[in-house]
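Structure data follow from final_4.csv (CSV, C-alpha atoms):
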```
chain,number,residue,atom,x,y,z
A,23,MET,CA,2.3,-4.6,9.7
A,24,ILE,CA,-1.3,-4.9,9.1
A,25,ARG,CA,-3.1,-7.1,11.6
A,26,LEU,CA,-6.7,-7.5,12.7
A,27,ALA,CA,-8.5,-9.0,15.6
A,28,LEU,CA,-11.0,-11.8,15.1
A,29,ILE,CA,-14.3,-11.4,17.0
A,30,ALA,CA,-15.1,-14.8,18.6
A,31,ALA,CA,-18.5,-15.7,20.1
A,32,LEU,CA,-18.7,-17.4,23.5
A,33,ALA,CA,-19.4,-21.1,23.0
A,34,ALA,CA,-21.7,-22.8,25.4
A,35,VAL,CA,-19.9,-25.5,27.3
A,36,PRO,CA,-21.9,-28.8,27.4
A,37,ILE,CA,-22.4,-30.4,30.7
A,38,ALA,CA,-21.3,-34.1,30.6
A,39,GLY,CA,-24.3,-36.5,30.8
A,40,HIS,CA,-26.9,-33.7,30.7
A,41,ALA,CA,-29.6,-34.6,28.2
A,42,ASP,CA,-30.4,-30.9,27.4
A,43,SER,CA,-26.7,-29.8,26.9
A,44,LYS,CA,-26.1,-27.9,23.7
A,45,ALA,CA,-23.3,-28.3,21.1
A,46,PRO,CA,-20.7,-25.5,21.2
A,47,ALA,CA,-21.8,-22.5,19.2
A,48,LYS,CA,-19.8,-21.6,16.1
A,49,PRO,CA,-17.8,-18.3,16.2
A,50,VAL,CA,-19.6,-15.4,14.6
A,51,ALA,CA,-17.9,-14.3,11.4
A,52,ASN,CA,-16.6,-10.7,11.3
A,53,PRO,CA,-18.1,-9.1,8.1
A,54,ALA,CA,-15.1,-6.8,7.8
A,55,LEU,CA,-12.7,-9.7,7.8
A,56,GLN,CA,-14.8,-11.4,5.1
A,57,VAL,CA,-14.7,-8.2,2.9
A,58,LEU,CA,-11.0,-7.9,3.5
A,59,ALA,CA,-10.4,-11.5,2.5
A,60,ALA,CA,-12.4,-11.0,-0.7
A,61,VAL,CA,-10.4,-7.8,-1.6
A,62,GLU,CA,-7.1,-9.5,-0.9
A,63,ALA,CA,-8.0,-12.5,-3.0
A,64,ASN,CA,-8.6,-10.1,-6.0
A,65,TYR,CA,-5.0,-8.9,-5.7
A,66,LYS,CA,-3.5,-12.4,-5.3
A,67,LYS,CA,-4.7,-13.5,-8.8
A,68,PRO,CA,-3.1,-11.1,-11.3
A,69,GLN,CA,0.7,-11.2,-11.8
A,70,HIS,CA,0.8,-7.6,-12.9
A,71,LEU,CA,-0.9,-4.4,-11.7
A,72,GLY,CA,-0.8,-0.9,-13.2
A,73,VAL,CA,-2.4,2.1,-11.5
A,74,THR,CA,-2.5,5.9,-12.1
A,75,PHE,CA,-3.4,8.0,-9.1
A,76,GLU,CA,-4.0,11.5,-7.8
A,77,GLN,CA,-2.7,12.2,-4.3
A,78,THR,CA,-3.5,15.0,-1.8
A,79,VAL,CA,-1.6,15.5,1.4
A,80,THR,CA,-3.5,17.7,3.9
A,81,ASN,CA,-1.9,19.3,6.9
A,82,ALA,CA,-4.0,19.0,10.0
A,83,ILE,CA,-3.0,22.3,11.5
A,84,SER,CA,-2.9,24.7,8.5
A,85,GLY,CA,-5.5,22.8,6.4
A,86,LYS,CA,-3.3,23.3,3.4
A,87,ALA,CA,-3.5,20.6,0.7
A,88,ALA,CA,-0.5,19.6,-1.5
A,89,PRO,CA,-1.6,17.8,-4.6
A,90,SER,CA,0.4,15.4,-6.8
A,91,ASN,CA,-0.2,12.5,-9.1
A,92,GLY,CA,1.7,9.5,-10.4
A,93,THR,CA,1.8,5.8,-11.2
A,94,LEU,CA,2.3,2.5,-9.5
A,95,LEU,CA,3.5,-0.6,-11.3
A,96,VAL,CA,3.7,-4.1,-9.7
A,97,GLU,CA,5.2,-7.3,-10.9
A,98,LYS,CA,4.8,-10.3,-8.7
A,99,PRO,CA,6.2,-11.7,-6.6
A,100,ASP,CA,8.3,-8.8,-5.4
A,101,LYS,CA,8.8,-5.9,-7.9
A,102,LEU,CA,7.2,-2.5,-7.9
A,103,LYS,CA,7.7,1.1,-9.0
A,104,PHE,CA,6.1,4.2,-7.6
A,105,VAL,CA,6.5,7.5,-9.6
A,106,PHE,CA,5.3,10.7,-8.1
A,107,MET,CA,5.0,13.7,-10.4
A,108,GLN,CA,5.3,17.4,-9.6
A,109,PRO,CA,2.0,19.3,-9.4
A,110,LYS,CA,0.2,19.2,-12.7
A,111,LYS,CA,1.7,21.5,-15.3
A,112,ALA,CA,1.9,21.6,-19.0
A,113,ASN,CA,4.9,19.3,-19.0
A,114,PRO,CA,5.0,17.6,-15.6
A,115,LYS,CA,8.3,16.1,-14.4
A,116,PRO,CA,9.0,13.3,-12.0
A,117,LYS,CA,9.4,14.4,-8.4
A,118,ALA,CA,10.3,11.1,-6.7
A,119,THR,CA,10.7,7.5,-7.8
A,120,TYR,CA,10.6,4.5,-5.4
A,121,LEU,CA,11.9,1.4,-7.2
A,122,PHE,CA,12.0,-2.1,-5.6
A,123,ASP,CA,13.8,-4.8,-7.7
A,124,GLY,CA,13.1,-7.7,-5.3
A,125,LYS,CA,16.3,-7.1,-3.2
A,126,THR,CA,16.9,-3.4,-3.0
A,127,MET,CA,14.7,-0.4,-2.6
A,128,TRP,CA,15.9,2.7,-4.6
A,129,LEU,CA,14.7,6.2,-3.7
A,130,ILE,CA,15.3,8.8,-6.4
A,131,ASP,CA,14.9,12.4,-5.6
A,132,HIS,CA,14.7,14.1,-9.0
A,133,PRO,CA,14.5,17.9,-8.1
A,134,ASN,CA,17.6,17.5,-5.9
A,135,LEU,CA,19.4,15.2,-8.3
A,136,GLN,CA,20.2,12.5,-5.8
A,137,PHE,CA,19.4,8.9,-5.0
A,138,GLY,CA,19.9,6.3,-2.3
A,139,GLN,CA,19.2,2.7,-1.5
A,140,ARG,CA,18.5,0.3,1.3
A,141,SER,CA,18.4,-3.5,1.4
A,142,ALA,CA,15.1,-5.1,2.0
A,143,ALA,CA,16.7,-8.4,3.1
A,144,ASN,CA,15.4,-9.7,6.4
A,145,SER,CA,12.8,-6.9,6.6
A,146,GLU,CA,9.1,-6.7,5.7
A,147,LEU,CA,7.9,-4.3,3.0
A,148,PRO,CA,5.3,-1.8,4.2
A,149,SER,CA,2.0,-3.5,4.7
A,150,LEU,CA,0.2,-1.7,1.9
A,151,VAL,CA,3.0,-2.6,-0.5
A,152,SER,CA,2.8,-6.2,0.5
A,153,PHE,CA,-1.0,-5.9,0.1
A,154,PHE,CA,-0.8,-4.9,-3.6
A,155,LEU,CA,1.9,-7.6,-4.2
A,156,GLY,CA,-0.7,-10.1,-3.0
A,157,ALA,CA,1.5,-11.2,-0.1
A,158,GLY,CA,0.2,-11.7,3.4
A,159,THR,CA,-2.8,-10.0,4.9
A,160,LEU,CA,-3.5,-6.7,6.5
A,161,ALA,CA,-5.3,-8.6,9.2
A,162,ARG,CA,-1.9,-9.4,10.8
A,163,ASP,CA,-1.2,-5.8,11.9
A,164,PHE,CA,-4.5,-4.0,11.9
A,165,ASN,CA,-7.9,-4.2,13.5
A,166,VAL,CA,-10.5,-4.1,10.7
A,167,ALA,CA,-14.0,-2.6,10.6
A,168,LEU,CA,-16.5,-1.5,8.0
A,169,THR,CA,-17.6,2.1,7.7
A,170,SER,CA,-21.2,3.1,7.0
A,171,SER,CA,-20.2,3.5,3.3
A,172,GLY,CA,-18.8,0.0,3.1
A,173,ALA,CA,-15.1,1.1,3.2
A,174,LEU,CA,-12.5,-0.9,5.2
A,175,GLU,CA,-11.2,1.0,8.2
A,176,LEU,CA,-7.9,-0.2,9.6
A,177,THR,CA,-6.4,0.8,12.9
A,178,PRO,CA,-2.9,-0.5,13.9
A,179,LYS,CA,-2.7,-3.0,16.7
A,180,THR,CA,0.6,-1.4,17.7
A,181,PRO,CA,0.6,2.4,18.0
A,182,SER,CA,2.4,4.0,15.1
A,183,ALA,CA,3.4,7.6,14.3
A,184,ALA,CA,3.1,6.9,10.6
A,185,TYR,CA,-0.6,6.1,10.7
A,186,ALA,CA,-3.4,6.2,13.2
A,187,LYS,CA,-5.9,5.0,10.7
A,188,ILE,CA,-6.1,3.7,7.1
A,189,ILE,CA,-9.3,3.8,5.0
A,190,LEU,CA,-9.6,1.7,1.9
A,191,GLU,CA,-12.5,2.7,-0.4
A,192,LEU,CA,-13.7,-0.1,-2.6
A,193,ASP,CA,-15.3,-0.2,-6.1
A,194,ALA,CA,-18.1,-2.5,-7.2
A,195,LYS,CA,-15.5,-5.2,-8.1
A,196,GLN,CA,-14.0,-5.1,-4.6
A,197,LEU,CA,-10.8,-3.5,-5.7
A,198,VAL,CA,-9.3,-0.5,-3.9
A,199,SER,CA,-10.4,2.8,-5.5
A,200,GLN,CA,-8.9,5.1,-2.9
A,201,THR,CA,-6.6,5.0,0.1
A,202,SER,CA,-6.6,7.5,3.0
A,203,ILE,CA,-3.8,7.4,5.6
A,204,ILE,CA,-4.2,9.5,8.7
A,205,ASP,CA,-1.0,9.8,10.8
A,206,SER,CA,-0.8,10.3,14.6
A,207,SER,CA,-0.8,14.1,14.1
A,208,GLY,CA,-4.0,14.1,12.1
A,209,ASN,CA,-2.4,14.8,8.7
A,210,THR,CA,-4.1,13.0,5.9
A,211,GLN,CA,-2.7,11.5,2.7
A,212,THR,CA,-5.3,10.5,0.2
A,213,MET,CA,-4.6,8.6,-3.0
A,214,LYS,CA,-7.4,8.2,-5.5
A,215,PHE,CA,-6.9,5.6,-8.2
A,216,THR,CA,-8.0,7.1,-11.5
A,217,SER,CA,-7.3,4.0,-13.6
A,218,MET,CA,-6.2,0.4,-13.1
A,219,THR,CA,-5.0,-2.4,-15.3
A,220,LEU,CA,-4.5,-6.0,-14.3
A,221,ASP,CA,-2.2,-8.6,-15.9
A,222,LYS,CA,-0.6,-6.2,-18.3
A,223,PRO,CA,3.2,-6.7,-18.1
A,224,ALA,CA,5.4,-3.5,-17.7
A,225,PRO,CA,8.1,-2.9,-20.3
A,226,ALA,CA,11.3,-4.7,-19.9
A,227,GLY,CA,13.7,-3.0,-17.5
A,228,THR,CA,11.0,-1.2,-15.6
A,229,PHE,CA,12.1,-2.5,-12.3
A,230,VAL,CA,15.9,-2.2,-12.8
A,231,PHE,CA,17.8,0.7,-11.5
A,232,ASP,CA,20.2,1.9,-14.2
A,233,ARG,CA,22.8,4.3,-12.9
A,234,LYS,CA,23.5,5.5,-16.4
A,235,GLN,CA,20.1,7.0,-16.6
A,236,PHE,CA,21.1,9.5,-13.9
A,237,PRO,CA,24.6,10.8,-14.8
A,238,ASP,CA,24.2,14.1,-12.9
A,239,TYR,CA,22.7,12.5,-9.7
A,240,ARG,CA,24.8,12.0,-6.6
A,241,GLU,CA,24.4,9.0,-4.4
A,242,LEU,CA,23.5,9.4,-0.8
A,243,LYS,CA,25.6,7.0,1.3
A,244,LYS,CA,24.2,5.2,4.2
```
Mind turning the file's structure into structure tokens?
Amino acid sequence: MIRLALIAALAAVPIAGHADSKAPAKPVANPALQVLAAVEANYKKPQHLGVTFEQTVTNAISGKAAPSNGTLLVEKPDKLKFVFMQPKKANPKPKATYLFDGKTMWLIDHPNLQFGQRSAANSELPSLVSFFLGAGTLARDFNVALTSSGALELTPKTPSAAYAKIILELDAKQLVSQTSIIDSSGNTQTMKFTSMTLDKPAPAGTFVFDRKQFPDYRELKK
């Protein structure tokens, strides 16, 4: 879903037989595309990724901010687990878990004791998910630019209600340190990565949905 337009320079067309004709000019490289390529290359190398994050969702109308935190675990080529915790307390509990085992995406709603699933066959994972899996490129679906602070600013080539703009803040190693997603209504979801580990395998069974672990949960049918 993430694509980006290349900026091409006009090439001078040589006139056949003219002694002063010039060779075609080379296209001017887009600095934003170069940065994006370097960042994506960093996520293509490691087979495992572990992230802890703090998230804030801000309502554009009320200005109210809802905080949460959680973890993201990735195992290439196609496994991941997002765990969102309830607002920080003495003993925080999981609020929601998104688990993808390579074939099925499981959504577990812990406060309401329910879970559901959907097949990912013949469908693309969300672009940012594919990005962290090291698959594809955001340039397919987004136009890319650099902000004055050096962050990557992504705007969808096709209008979307889910996001009007995505900002990827980068650290000195050209890894993502924060993501900000602004939807079409102006609401903002900011996720700040507080720690990151590369190539540290997750425990066995991390990406497997085990119904026995949720005996009191009901399944939401399609």
* Kindly indicate which residue among A:Ile204, A:Met127, A:Ala173, A:Ala183 lies nearest to Phe229 (chain A), using all atoms listed in the file for the distances. =>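 Selected residue with least distance to Phe229 (chain A): A:Met127.
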* Asked: Restricting the calculation to only C-alpha atoms, which member of A:Phe104, A:Gln77, A:Gly124, A:Gly172 is positioned closest to Ala194 (chain A)?
  ->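 Residue with the minimum atom-to-atom distance to Ala194 (chain A): A:Gly172.
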* Select, from A:Thr78, A:Thr177, A:Gln69, A:Ser171, the residue with the minimum atom-to-atom distance to Lys98 (chain A), counting all atoms listed in the file. =>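 When distances to Lys98 (chain A) are compared using all atoms listed in the file, the smallest one comes from A:Gln69.
Using all atoms listed in the file, the protein and nucleic acid residues lying no more than 12 Å from Leu168 (chain A), apart from those fewer than 2 places from it along its own chain, are Asn52, Pro53, Ala54, Leu55, Gln56, Val57, Leu58, Asn165, Val166, Ser170, Ser171, Gly172, Ala173, Leu174, Glu175, Leu176, Thr177, Ile188, Ile189, Leu190, Glu191 and Leu192 of chain A.
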* Structure fact -> Taken to one decimal, the CA of Lys214 (chain A)-CA of Gly92 (chain A) distance is 10.4 Å
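Using only C-alpha atoms, the nearest neighbour of Phe122 (chain A) within the list A:Ile203, A:Met107, A:Ala184, A:Val96 is A:Val96.
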